[in-house]
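Participant: Handing you this structure, nothing more for now.
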2 protein chains.
Amino acid sequence: MENEAMPKTCLRTFVHEETVARVRQKMTESGRLLELAELFKALSDHTRVRILHALSFDELCVCDLAALLEMSPSAVSHQLRILRGAKMVRYRKAGKNIFYRLDDTHVANMVKAGIEHVG
Amino acid sequence: MENEAMPKTCLRTFVHEETVARVRQKMTESGRLLELAELFKALSDHTRVRILHALSFDELCVCDLAALLEMSPSAVSHQLRILRGAKMVRYRKAGKNIFYRLDDTHVANMVKAGIEHVG
DNA sequence: TTAATATATGAACATATATTCAAATGTGAG
DNA sequence: CTCACATTTGAATATATGTTCATATATTAA
């Protein structure tokens with residue numbers, strides 16, 4: 001189909017134009033909202049939530065997390081990579097172990113607030 | 001100690017047992033954390049975040065949202081279904097239109113807080 | 001050095017997800 | 001009634017995602 005911007009339907013003049021225009025003006029830039037979705041995405045997995053929740057109590061090495069969550073160290077490591085990418089965790093090497101901890105308290109607060117909301 | 005429940009590695013006695021035990025005691029139940037992940041999952045998509053953000057300013061019908069986000073009404077409707085399932089939006093019928101609004105202010109607050117954090 | 005442990009990584013697989021398209025339902029106007 | 005519009009829904013498709021498995025890297029001990 002050769003129409004560019006507007007997809008498929010809603011081509012009629014009838015949309016509540018003023019309302020839409022007003023809301024559009026108030027809305028935050030789409031790219032910012034995409035970043036926000038990415039932030040939530042990092043928190044949208046059971047394993048990652050459990051990791052962050054656990055780290056809100058103490059720093060733990062990969063194997064500790066694996067034991068705690070009863071998962072393979074490999075699976076935990078893959079999820080830790082995502083959390084590192086989201087800047088939600090830091091790590092520290094100590095011999096053969098690598099200890100992870102939360103990057104800032106804001107993440108802990110989000111998880112904590114979420115738990116209160118759910119529970 | 002060979003444990004059937006424990007996967008793959010981490011079979012050595014050396015895990016920081018006391019720390020793990022202590023954290024395990026403090027941790028919220030896994031099922032609760034799964035619910036939390038589900039909550040975040042509903043917020044983890046660009047389209048859904050934009051919908052909720054838009055609805056934080058005014059109630060809008062499906063076609064308004066489609067025009068605003070420059071998406072097909074069908075795509076918007078599919079995402080609205082997920083948001084309804086997550087109890088994040090309500091709706092009201094008015095003639096041929098169905099107007100959506102946020103279900104509670106808590107959702108708006110989460111999005112707003114998130115935007116501030118990202119921005 | 002070799003061996004053992006801790007962690008990371010890449011490929012493969014299965015599952016989940018978002019959008020499109022076509023079709024169905026619902027609603028009001030003429 | 002018929003018609004047009006608003007919305008929903010299901011199937012199909014493409015893409016994303018999480019775990020497993022095998023392997024690679026790193027560190028320490030013997």
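Here, A, B, ... name the chains of the structure tokens in the order displayed, residue numbers run from 1 inside each chain, and ligands are numbered from 1 in the same displayed order.
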Excluding DA3 of chain C and residues on its chain fewer than 2 positions from it, collect all residues at most 10 Å away from it, counting only C-alpha atoms (C1' of nucleotides), and give them as an MDAnalysis selection string.
Facilitator: (chainID C and resid 1 5) or (chainID D and resid 29:30)
Participant: I need the chosen residues saved as a short mmCIF file (atom, residue, chain, number, x, y, z; two decimals), in the first residue's frame, with C-alpha atoms (C1' of nucleotides).
Facilitator:
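And here is the file that came out, part_15.cif:
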```
data_model
loop_
_atom_site.label_atom_id
_atom_site.label_comp_id
_atom_site.auth_asym_id
_atom_site.auth_seq_id
_atom_site.Cartn_x
_atom_site.Cartn_y
_atom_site.Cartn_z
"C1'" DT C 1 53.27 -28.10 34.29
"C1'" DT C 5 36.95 -24.85 40.02
"C1'" DA D 29 46.45 -25.29 44.07
"C1'" DA D 30 49.36 -29.23 43.88
#
```
Participant: For the interface of segment 3-111 of chain B with segment 1-19 of chain D (cut-off 9 Å, counting only C-alpha atoms (C1' of nucleotides)), please tabulate each contacting residue of segment 3-111 of chain B alongside its nearest pair of atoms and their separation in Å to one decimal, rows sorted by chain and increasing number, as a Markdown table.
Facilitator:
```
| residue | atom | partner | partner_atom | distance |
| --- | --- | --- | --- | --- |
| B:Val62 | CA | D:DT7 | C1' | 7.6 |
| B:Cys63 | CA | D:DA6 | C1' | 7.7 |
| B:Pro73 | CA | D:DT7 | C1' | 7.9 |
| B:Ser74 | CA | D:DT8 | C1' | 7.9 |
| B:Ser77 | CA | D:DT8 | C1' | 7.2 |
| B:His78 | CA | D:DT8 | C1' | 8.4 |
| B:Lys96 | CA | D:DA6 | C1' | 5.4 |
| B:Asn97 | CA | D:DA6 | C1' | 5.9 |
| B:Ile98 | CA | D:DT7 | C1' | 7.7 |
```
Participant: Could you save those same residues with N, CA and C atoms as a PDB file, in the first residue's frame?
Facilitator:
```pdb
ATOM      1  N   VAL B  62      -9.785   3.897  20.887  1.00  0.00           N
ATOM      2  CA  VAL B  62      -8.779   3.092  20.183  1.00  0.00           C
ATOM      3  C   VAL B  62      -8.237   3.816  18.964  1.00  0.00           C
ATOM      4  N   CYS B  63      -9.145   4.451  18.239  1.00  0.00           N
ATOM      5  CA  CYS B  63      -8.719   5.132  17.021  1.00  0.00           C
ATOM      6  C   CYS B  63      -7.863   6.357  17.334  1.00  0.00           C
ATOM      7  N   PRO B  73      -5.201   0.304  14.224  1.00  0.00           N
ATOM      8  CA  PRO B  73      -6.102   0.060  15.364  1.00  0.00           C
ATOM      9  C   PRO B  73      -6.006  -1.383  15.848  1.00  0.00           C
ATOM     10  N   SER B  74      -5.762  -2.287  14.945  1.00  0.00           N
ATOM     11  CA  SER B  74      -5.649  -3.688  15.330  1.00  0.00           C
ATOM     12  C   SER B  74      -4.457  -3.908  16.265  1.00  0.00           C
ATOM     13  N   SER B  77      -5.257  -2.435  19.578  1.00  0.00           N
ATOM     14  CA  SER B  77      -6.250  -3.251  20.288  1.00  0.00           C
ATOM     15  C   SER B  77      -5.608  -4.482  20.927  1.00  0.00           C
ATOM     16  N   HIS B  78      -4.703  -5.098  20.188  1.00  0.00           N
ATOM     17  CA  HIS B  78      -4.010  -6.261  20.752  1.00  0.00           C
ATOM     18  C   HIS B  78      -3.261  -5.889  22.033  1.00  0.00           C
ATOM     19  N   LYS B  96     -20.088   4.153  18.934  1.00  0.00           N
ATOM     20  CA  LYS B  96     -19.175   3.250  18.248  1.00  0.00           C
ATOM     21  C   LYS B  96     -17.789   3.243  18.873  1.00  0.00           C
ATOM     22  N   ASN B  97     -17.549   4.203  19.715  1.00  0.00           N
ATOM     23  CA  ASN B  97     -16.207   4.312  20.297  1.00  0.00           C
ATOM     24  C   ASN B  97     -16.105   3.596  21.633  1.00  0.00           C
ATOM     25  N   ILE B  98     -14.895   3.166  21.949  1.00  0.00           N
ATOM     26  CA  ILE B  98     -14.602   2.624  23.269  1.00  0.00           C
ATOM     27  C   ILE B  98     -13.444   3.420  23.830  1.00  0.00           C
TER      28      ILE B  98
END
```
Participant: Using only C-alpha atoms (C1' of nucleotides), what does the table of chain C residues within 7 Å of chain B look like, with each row giving the shortest atom pair and its distance in Å to one decimal, sorted by chain and ascending number, as JSON lines?
Facilitator:
```
{"residue": "C:DT19", "atom": "C1'", "partner": "B:Ala75", "partner_atom": "CA", "distance": 6.3}
{"residue": "C:DT27", "atom": "C1'", "partner": "B:Lys96", "partner_atom": "CA", "distance": 5.2}
{"residue": "C:DG28", "atom": "C1'", "partner": "B:Gly95", "partner_atom": "CA", "distance": 6.9}
```
Participant: Show me a table, sorted first by chain and then by increasing residue number, of the residues of chain A having an atom at most 6 Å from chain B, each with its shortest atom pair and the distance in Å to one decimal, counting only C-alpha atoms and written as a Markdown table.
Facilitator:
```
| residue | atom | partner | partner_atom | distance |
| --- | --- | --- | --- | --- |
| A:Met6 | CA | B:Glu70 | CA | 5.7 |
| A:Pro7 | CA | B:Ser72 | CA | 5.4 |
| A:Lys8 | CA | B:Ser72 | CA | 5.9 |
| A:Val15 | CA | B:Asp64 | CA | 5.7 |
| A:Leu34 | CA | B:His46 | CA | 5.1 |
| A:Ala37 | CA | B:Ser44 | CA | 4.5 |
| A:Phe40 | CA | B:Ser44 | CA | 4.8 |
| A:Lys41 | CA | B:Ser44 | CA | 4.4 |
| A:Leu43 | CA | B:Phe40 | CA | 6.0 |
| A:Ser44 | CA | B:Lys41 | CA | 4.4 |
| A:Asp45 | CA | B:Ala37 | CA | 5.2 |
| A:His46 | CA | B:Leu34 | CA | 5.1 |
| A:Asp64 | CA | B:Val15 | CA | 5.7 |
| A:Glu70 | CA | B:Met6 | CA | 5.9 |
| A:Ser72 | CA | B:Pro7 | CA | 5.5 |
```
Participant: Could you give the RMSD, in Å, left over when chain B is least-squares superposed onto chain A across all Cα atoms paired sequentially?
Facilitator: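 RMSD over all C-alpha atoms: 1.7 Å.
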Participant: Write out, as JSON lines, each residue of chain D that has an atom at most 8 Å from chain A, together with the closest pair of atoms and their distance in Å to one decimal, counting only C-alpha atoms (C1' of nucleotides), rows going by chain and rising number.
Facilitator:
```
{"residue": "D:DT19", "atom": "C1'", "partner": "A:Ala75", "partner_atom": "CA", "distance": 6.3}
{"residue": "D:DA26", "atom": "C1'", "partner": "A:Lys96", "partner_atom": "CA", "distance": 7.8}
{"residue": "D:DT27", "atom": "C1'", "partner": "A:Lys96", "partner_atom": "CA", "distance": 5.3}
{"residue": "D:DT28", "atom": "C1'", "partner": "A:Lys96", "partner_atom": "CA", "distance": 7.3}
```
Participant: Run DSSP on the backbone and grab whatever in chain A lands in strand (DSSP E); send it over as a short mmCIF file (atom, residue, chain, number, x, y, z; two decimals) with N, CA and C atoms, in the first residue's frame.
Facilitator:
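In the end it all went to out23.cif:
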```cif
data_model
loop_
_atom_site.label_atom_id
_atom_site.label_comp_id
_atom_site.auth_asym_id
_atom_site.auth_seq_id
_atom_site.Cartn_x
_atom_site.Cartn_y
_atom_site.Cartn_z
N LEU A 60 26.63 -11.51 46.25
CA LEU A 60 26.69 -12.96 46.07
C LEU A 60 27.48 -13.29 44.82
N CYS A 61 28.18 -14.42 44.85
CA CYS A 61 28.88 -14.85 43.65
C CYS A 61 27.91 -15.66 42.77
N VAL A 89 23.67 -4.04 37.90
CA VAL A 89 24.57 -4.72 38.83
C VAL A 89 26.02 -4.35 38.53
N ARG A 90 26.84 -4.41 39.54
CA ARG A 90 28.28 -4.30 39.44
C ARG A 90 28.87 -5.61 39.89
N TYR A 91 30.18 -5.79 39.67
CA TYR A 91 30.80 -7.00 40.18
C TYR A 91 32.21 -6.72 40.63
N ARG A 92 32.73 -7.66 41.38
CA ARG A 92 34.05 -7.54 41.98
C ARG A 92 34.66 -8.94 41.96
N LYS A 93 35.90 -9.02 41.50
CA LYS A 93 36.56 -10.32 41.44
C LYS A 93 37.28 -10.60 42.75
N ALA A 94 37.20 -11.83 43.18
CA ALA A 94 37.91 -12.25 44.39
C ALA A 94 38.34 -13.69 44.18
N ASN A 97 36.17 -16.45 42.43
CA ASN A 97 34.77 -15.99 42.49
C ASN A 97 34.60 -14.60 41.92
N ILE A 98 33.40 -14.34 41.42
CA ILE A 98 33.03 -12.99 41.02
C ILE A 98 31.76 -12.64 41.77
N PHE A 99 31.88 -11.64 42.60
CA PHE A 99 30.75 -11.25 43.44
C PHE A 99 29.96 -10.13 42.79
N TYR A 100 28.67 -10.32 42.73
CA TYR A 100 27.78 -9.31 42.16
C TYR A 100 27.06 -8.55 43.26
N ARG A 101 26.78 -7.29 42.97
CA ARG A 101 25.96 -6.50 43.89
C ARG A 101 25.14 -5.52 43.07
N LEU A 102 24.15 -4.93 43.67
CA LEU A 102 23.33 -3.96 42.95
C LEU A 102 24.15 -2.73 42.63
#
```
